[in-house]
Amino acid sequence: MPSAAERYHEDTKYTPENVRRPGRGLDFDKQPVPFKDYATGTAYDLTRFLPEGEELKSDAELEAWRAQLPSADQDLAALSHLLYFTNGITAVIPYGGQPLLLRAAPSAGGLYPTELYVAVRDHAVLPDGLYNYQVRDHSLVCFWAHDPWPRLREATFHHPALEQSGLLVIATGVYFRSAWRYEDRAYRRILLDTGHVLGNLGLYAPVLGWQTQAIGGFADGAVEDLLFLDPEEEGVVAIAAVLPAGKPLTGPSALPGPVSTGVSVPEGRRLLALHAAGKLTEATPPPEAASGEEKYTFAFGETLADVPVPFDAQLGPTIIRRRSTRAYSGDGLTREELAALLGFTYGQSGGLFAPELLETFLAVHDVTGLDAGCYHYRPEKRELRQIRFTALRDEVQYLALGQDLAGRAGAVVFHTADLPRAVARYGDRVYRYLHLDAGHLGQRLNVAAIRLGLGVSGIGGFFDDQVNDMLGIPEREAVLYLTTLGRPESR
Ligand SMILES: Cc1cc2nc3c(=O)[nH]c(=O)nc-3n(C[C@H](O)[C@H](O)[C@H](O)COP(=O)(O)O)c2cc1C
């Protein structure tokens with residue numbers, strides 16, 4: 001019998017038959033609003049710390065601006081900037097007569113299921129308590145004004161990061177926002193989206209002298225209670241502790257959970273069923289470090305050069321500029337660009353949950369100095385091994401549900417994981433870790449691509465089994481996410 005995670009994955013695969021199924025239309029009368037309102041609570045405005053008018057020139061400019069504030073305000077300004085560059089509104093575009101508010105992190109279908117909460121202790125301005133980050137007006141609403149640490153310590157099974165941190169970011173998914181369009185498969189997108197948000201958090205924290213520690217193991221019910229969530233509507237998917245940079249990180253980034261038998265769940269309930277199957281009520285020690293054995297030993301390896309992405313204090317402006325590319329020119333990438341993109345993306349593992357479980361494959365359509373075909377990438381050696389020697393534009397476009405982006409990119413990155421093996425290590429909860437990490441790496445690819453003047457877009461919809469066939473990998477290797485990279489079409 002498969003586990004709940006394997007069952008869910010199988011049940012939510014796209015196939016050429018089921019994507020065209022009648023009844024997959026959208027009910028615009030029920031279109032969800034991607035914001036949460038609080039009837040009560042104390043609001044703390046964070047917009048006054050955002051630069052007005054002129055375009056932001058550099059991270060250094062913002063740092064200098066923070067430094068001249070009264071010292072009590074500096075902490076709040078830093079938090080304002082952290083949240084803004086993690087998930088704030090960075091563009092407004094017209095959409096069906098209404099403004100669509102685009103954010104620092106991309107989101108499948110622009111549905112923005114991720115909510116961020118902040119738990120604060122011993123802050124210079126904010127009272128101890130729990131806050132919701134109100135994206136729409138860039139404020140924090142305090143809905144519980146007590147020291148949350150005693151309950152959070154218990155809920156995180158006394159994670160040591162809590163003793164070094166006065167700031168936790170708790171990410172949830174509001175299911176219907178994404179399920180409205182993507183039905184049961186929405187759980188995958190919710191986790192990928194949230195991974196992108198956490199990617200920004202992990203990237204921007206060092207600009208403020210901080211670092212993040214992923215806390216994947218927590219008692220879900222206790223955190224839901226603390227945040228006053230309705231578990232039928234919203235689930236906690238990740239916690240990140242924000243700590244001073246330089247302190248050695250201790251404690252596990254992921255804990256294992258139970259494995260349930262993947263019984264048949266009716267359509268429409270599968271998302272909730274898998275989230276429930278992944279919940280923890282107690283801590284089990286993390287598994288031994290995975291053996292370094294190579295799963296894929298393809299011949300024809302070549303090593304990519306160590307090429308840095310020159311951020312030059314331009315991370316904030318890059319995040320503001322980041323948009324998902326809507327069309328590629330069809331022109332290729334250079335080998336140096338690909339090396340820089342991959343080098344940056346895998347250059348550090350901080351903030352990830354269980355990255356050792358992910359595999360990276362590439363479909364190279366047009367990269368100077370590389371044959372077109374499929375490759376397996378080993379980040380620790382920066383090594384590409386060719387596994388298919390053939391032009392794949394049409395095949396990749398087809399399996400990405402016919403999207404031009406996948407055919408006209410220069411290269412497409414595929415993140416996959418051996419799902420039965422991952423479940424054996426972390427239980428059904430691993431489904432969260434895998435997709436959160438794939439989204440996180442996707443965000444690093446996004447930010448690096450934008451900085452290099454390239455185009456980039458995630459793709460969450462694909463014919464799952466056809467990807468395995470194209471890559472020639474066994475079915476147990478679950479395909480998690482695609483990131484397309486290329487040259488944007490100039491308009
Ligand atoms: C998990 C995920 C899946 C996505 N899938 C697709 C896709 O299949 N096709 C596409 O054109 N864009 C896709 N996108 C990009 C979104 O459409 C885009 O992020 C959203 O419209 C907001 O625009 P922005 O990224 O420019 O801010 C995806 C983004 C994410 C994070």
# chains A, B, ... in the order shown; residues from 1 in each chain; ligands from 1
>>> residues_around(residues="range 421-435 of chain A", least_positions_apart="2", cutoff="7 Å", atoms="only C-alpha atoms", output="PyMOL selection string")
chain A and resi 3-5+188+191-192+255-259+277-279+287+353-354+357+418-419+437-439+480
>>> residues_near_ligand(ligand="ligand 1", cutoff="8 Å", atoms="only C-alpha atoms and all ligand atoms", output="number ranges by chain")
A: 90-91, 102-111, 188-193, 196, 322-326, 400, 403, 405, 439, 457-462, 481
>>> residues_around(residues="Ala72 in chain A", least_positions_apart="5", cutoff="12 Å", atoms="only C-alpha atoms", output="ChimeraX atom specification")
/A:66-67,77-78,123-126
>>> select_by_dssp(residues="range 41-261 of chain A", states="strand (DSSP E)", output="MDAnalysis selection string")
chainID A and resid 42:45 89:95 98:103 114:120 129:134 139:144 167:174 210:215 234:244
>>> residues_around(residues="range 329-337 of chain A", least_positions_apart="5", cutoff="7 Å", atoms="only C-alpha atoms", output="compact mmCIF listing (two decimals) with C-alpha atoms, in the first residue's frame")
# COMPACT_ATOMS: atom_id res chain seq x y z
CA VAL A 307 30.85 31.97 -11.53
CA ASP A 366 20.14 26.35 -26.17
CA VAL A 367 23.16 27.01 -23.97
CA THR A 368 26.43 27.90 -25.66
CA GLY A 369 29.07 25.23 -25.09
CA ARG A 408 11.29 28.80 -25.93
CA ALA A 409 13.42 28.95 -22.76
CA GLY A 410 17.17 28.39 -23.03
CA GLY A 486 15.87 32.20 -20.90
CA ARG A 487 16.06 35.53 -22.67
CA PRO A 488 12.91 37.59 -22.36
CA GLU A 489 11.22 38.63 -25.56
>>> select_by_dssp(residues="range 168-336 of chain A", states="alpha helix (DSSP H)", output="count of residues only")
51
>>> residues_around(residues="Val237 in chain A", least_positions_apart="4", cutoff="7 Å", atoms="only C-alpha atoms", output="PyMOL selection string")
chain A and resi 171-173
>>> residues_around(residues="Gly402 in chain A", least_positions_apart="3", cutoff="12 Å", atoms="only C-alpha atoms", output="list in words")
Pro16, Val19, Arg393, Asp394, Glu395, Val396, Gln397, Tyr398, Leu399, Leu405, Ala406, Gly407, Arg408, Ile459, Gly461, Phe462 and Phe463 of chain A
>>> closest_residue(among="A:Glu224, A:Glu163, A:Asp27, A:Glu359", to="Leu249 in chain A", atoms="only C-alpha atoms")
A:Glu163
>>> atom_distance(atom1="CA of Leu227 in chain A", atom2="CA of Gly41 in chain A")
12.9 Å
>>> decode(residues="range 348-477 of chain A", atoms="C-alpha atoms", output="mmCIF file, in the first residue's frame")
data_model
loop_
_atom_site.group_PDB
_atom_site.id
_atom_site.type_symbol
_atom_site.label_atom_id
_atom_site.label_comp_id
_atom_site.auth_asym_id
_atom_site.auth_seq_id
_atom_site.Cartn_x
_atom_site.Cartn_y
_atom_site.Cartn_z
ATOM 1 C CA GLN A 348 24.090 27.731 0.609
ATOM 2 C CA SER A 349 21.673 25.388 2.307
ATOM 3 C CA GLY A 350 20.536 27.689 5.166
ATOM 4 C CA GLY A 351 16.778 28.035 5.481
ATOM 5 C CA LEU A 352 16.041 24.759 3.662
ATOM 6 C CA PHE A 353 14.332 21.777 5.285
ATOM 7 C CA ALA A 354 15.704 18.577 3.724
ATOM 8 C CA PRO A 355 17.554 19.618 0.561
ATOM 9 C CA GLU A 356 19.541 16.372 0.451
ATOM 10 C CA LEU A 357 16.381 14.662 -0.816
ATOM 11 C CA LEU A 358 16.106 16.748 -3.984
ATOM 12 C CA GLU A 359 17.487 15.915 -7.392
ATOM 13 C CA THR A 360 18.075 18.468 -10.143
ATOM 14 C CA PHE A 361 17.691 17.751 -13.841
ATOM 15 C CA LEU A 362 17.968 20.153 -16.746
ATOM 16 C CA ALA A 363 16.595 20.224 -20.234
ATOM 17 C CA VAL A 364 19.065 22.300 -22.195
ATOM 18 C CA HIS A 365 17.500 23.777 -25.321
ATOM 19 C CA ASP A 366 20.144 26.347 -26.165
ATOM 20 C CA VAL A 367 23.159 27.013 -23.967
ATOM 21 C CA THR A 368 26.433 27.905 -25.664
ATOM 22 C CA GLY A 369 29.075 25.235 -25.085
ATOM 23 C CA LEU A 370 26.575 22.530 -24.084
ATOM 24 C CA ASP A 371 24.868 19.968 -26.313
ATOM 25 C CA ALA A 372 21.096 20.192 -26.359
ATOM 26 C CA GLY A 373 19.574 17.413 -24.284
ATOM 27 C CA CYS A 374 18.889 16.335 -20.709
ATOM 28 C CA TYR A 375 21.338 16.567 -17.848
ATOM 29 C CA HIS A 376 21.545 15.575 -14.211
ATOM 30 C CA TYR A 377 23.174 18.239 -12.013
ATOM 31 C CA ARG A 378 25.167 17.535 -8.849
ATOM 32 C CA PRO A 379 25.367 20.830 -6.955
ATOM 33 C CA GLU A 380 28.146 19.841 -4.563
ATOM 34 C CA LYS A 381 30.461 19.165 -7.519
ATOM 35 C CA ARG A 382 28.876 21.684 -9.923
ATOM 36 C CA GLU A 383 28.776 18.750 -12.274
ATOM 37 C CA LEU A 384 26.467 18.228 -15.232
ATOM 38 C CA ARG A 385 26.039 14.758 -16.645
ATOM 39 C CA GLN A 386 24.323 14.360 -19.937
ATOM 40 C CA ILE A 387 21.609 11.708 -20.001
ATOM 41 C CA ARG A 388 19.900 12.379 -23.327
ATOM 42 C CA PHE A 389 21.404 13.782 -26.493
ATOM 43 C CA THR A 390 18.546 15.225 -28.449
ATOM 44 C CA ALA A 391 16.703 18.480 -28.993
ATOM 45 C CA LEU A 392 13.757 18.564 -26.630
ATOM 46 C CA ARG A 393 11.974 21.884 -27.140
ATOM 47 C CA ASP A 394 8.757 20.330 -28.416
ATOM 48 C CA GLU A 395 8.735 17.535 -25.870
ATOM 49 C CA VAL A 396 9.284 19.884 -22.919
ATOM 50 C CA GLN A 397 6.673 22.329 -24.174
ATOM 51 C CA TYR A 398 4.176 19.485 -24.525
ATOM 52 C CA LEU A 399 4.720 18.124 -21.040
ATOM 53 C CA ALA A 400 4.447 21.630 -19.540
ATOM 54 C CA LEU A 401 0.820 21.583 -20.714
ATOM 55 C CA GLY A 402 1.800 23.118 -24.025
ATOM 56 C CA GLN A 403 3.171 26.341 -22.530
ATOM 57 C CA ASP A 404 5.476 28.249 -24.910
ATOM 58 C CA LEU A 405 7.639 29.272 -21.969
ATOM 59 C CA ALA A 406 8.926 25.715 -21.631
ATOM 60 C CA GLY A 407 9.729 25.381 -25.336
ATOM 61 C CA ARG A 408 11.289 28.802 -25.929
ATOM 62 C CA ALA A 409 13.424 28.949 -22.765
ATOM 63 C CA GLY A 410 17.172 28.394 -23.033
ATOM 64 C CA ALA A 411 17.016 25.764 -20.293
ATOM 65 C CA VAL A 412 14.435 24.267 -17.937
ATOM 66 C CA VAL A 413 15.310 23.078 -14.423
ATOM 67 C CA PHE A 414 13.363 20.108 -12.993
ATOM 68 C CA HIS A 415 13.350 19.372 -9.271
ATOM 69 C CA THR A 416 12.429 15.809 -8.354
ATOM 70 C CA ALA A 417 12.630 13.496 -5.332
ATOM 71 C CA ASP A 418 12.454 9.762 -4.747
ATOM 72 C CA LEU A 419 9.150 9.915 -2.900
ATOM 73 C CA PRO A 420 9.071 6.438 -1.290
ATOM 74 C CA ARG A 421 12.623 6.957 -0.005
ATOM 75 C CA ALA A 422 11.768 10.455 1.270
ATOM 76 C CA VAL A 423 8.653 9.122 3.037
ATOM 77 C CA ALA A 424 10.728 6.343 4.599
ATOM 78 C CA ARG A 425 12.936 9.042 6.168
ATOM 79 C CA TYR A 426 10.423 11.723 7.172
ATOM 80 C CA GLY A 427 6.943 10.208 6.875
ATOM 81 C CA ASP A 428 4.113 11.862 4.965
ATOM 82 C CA ARG A 429 5.230 15.256 6.254
ATOM 83 C CA VAL A 430 8.100 15.071 3.801
ATOM 84 C CA TYR A 431 5.722 16.182 1.062
ATOM 85 C CA ARG A 432 5.862 19.634 2.652
ATOM 86 C CA TYR A 433 9.639 19.717 2.983
ATOM 87 C CA LEU A 434 10.179 18.654 -0.628
ATOM 88 C CA HIS A 435 7.874 21.232 -2.161
ATOM 89 C CA LEU A 436 8.903 24.037 0.195
ATOM 90 C CA ASP A 437 12.561 23.411 -0.675
ATOM 91 C CA ALA A 438 11.857 23.170 -4.418
ATOM 92 C CA GLY A 439 10.047 26.526 -4.236
ATOM 93 C CA HIS A 440 12.874 28.028 -2.178
ATOM 94 C CA LEU A 441 15.466 26.980 -4.754
ATOM 95 C CA GLY A 442 13.106 28.246 -7.448
ATOM 96 C CA GLN A 443 13.159 31.673 -5.827
ATOM 97 C CA ARG A 444 16.929 31.712 -5.753
ATOM 98 C CA LEU A 445 16.904 30.908 -9.475
ATOM 99 C CA ASN A 446 14.391 33.726 -9.995
ATOM 100 C CA VAL A 447 16.383 36.363 -8.155
ATOM 101 C CA ALA A 448 19.695 35.353 -9.746
ATOM 102 C CA ALA A 449 18.152 35.347 -13.231
ATOM 103 C CA ILE A 450 16.673 38.823 -12.798
ATOM 104 C CA ARG A 451 19.994 40.147 -11.497
ATOM 105 C CA LEU A 452 21.719 38.747 -14.593
ATOM 106 C CA GLY A 453 19.157 40.411 -16.870
ATOM 107 C CA LEU A 454 17.622 37.072 -17.851
ATOM 108 C CA GLY A 455 14.032 35.872 -17.883
ATOM 109 C CA VAL A 456 12.580 33.273 -15.525
ATOM 110 C CA SER A 457 9.254 31.669 -14.672
ATOM 111 C CA GLY A 458 8.137 28.757 -12.529
ATOM 112 C CA ILE A 459 5.804 26.140 -13.964
ATOM 113 C CA GLY A 460 3.633 24.164 -11.567
ATOM 114 C CA GLY A 461 1.451 22.403 -14.143
ATOM 115 C CA PHE A 462 2.950 19.469 -16.083
ATOM 116 C CA PHE A 463 2.140 15.947 -17.159
ATOM 117 C CA ASP A 464 3.924 14.227 -14.313
ATOM 118 C CA ASP A 465 4.579 10.829 -15.838
ATOM 119 C CA GLN A 466 5.701 12.266 -19.158
ATOM 120 C CA VAL A 467 8.456 14.189 -17.346
ATOM 121 C CA ASN A 468 9.751 10.900 -15.915
ATOM 122 C CA ASP A 469 9.627 9.351 -19.373
ATOM 123 C CA MET A 470 11.491 12.268 -20.910
ATOM 124 C CA LEU A 471 14.183 12.259 -18.234
ATOM 125 C CA GLY A 472 14.320 8.466 -18.241
ATOM 126 C CA ILE A 473 13.936 8.269 -14.450
ATOM 127 C CA PRO A 474 11.816 5.761 -12.515
ATOM 128 C CA GLU A 475 8.262 6.589 -11.501
ATOM 129 C CA ARG A 476 9.212 6.674 -7.800
ATOM 130 C CA GLU A 477 11.070 9.892 -8.625
#
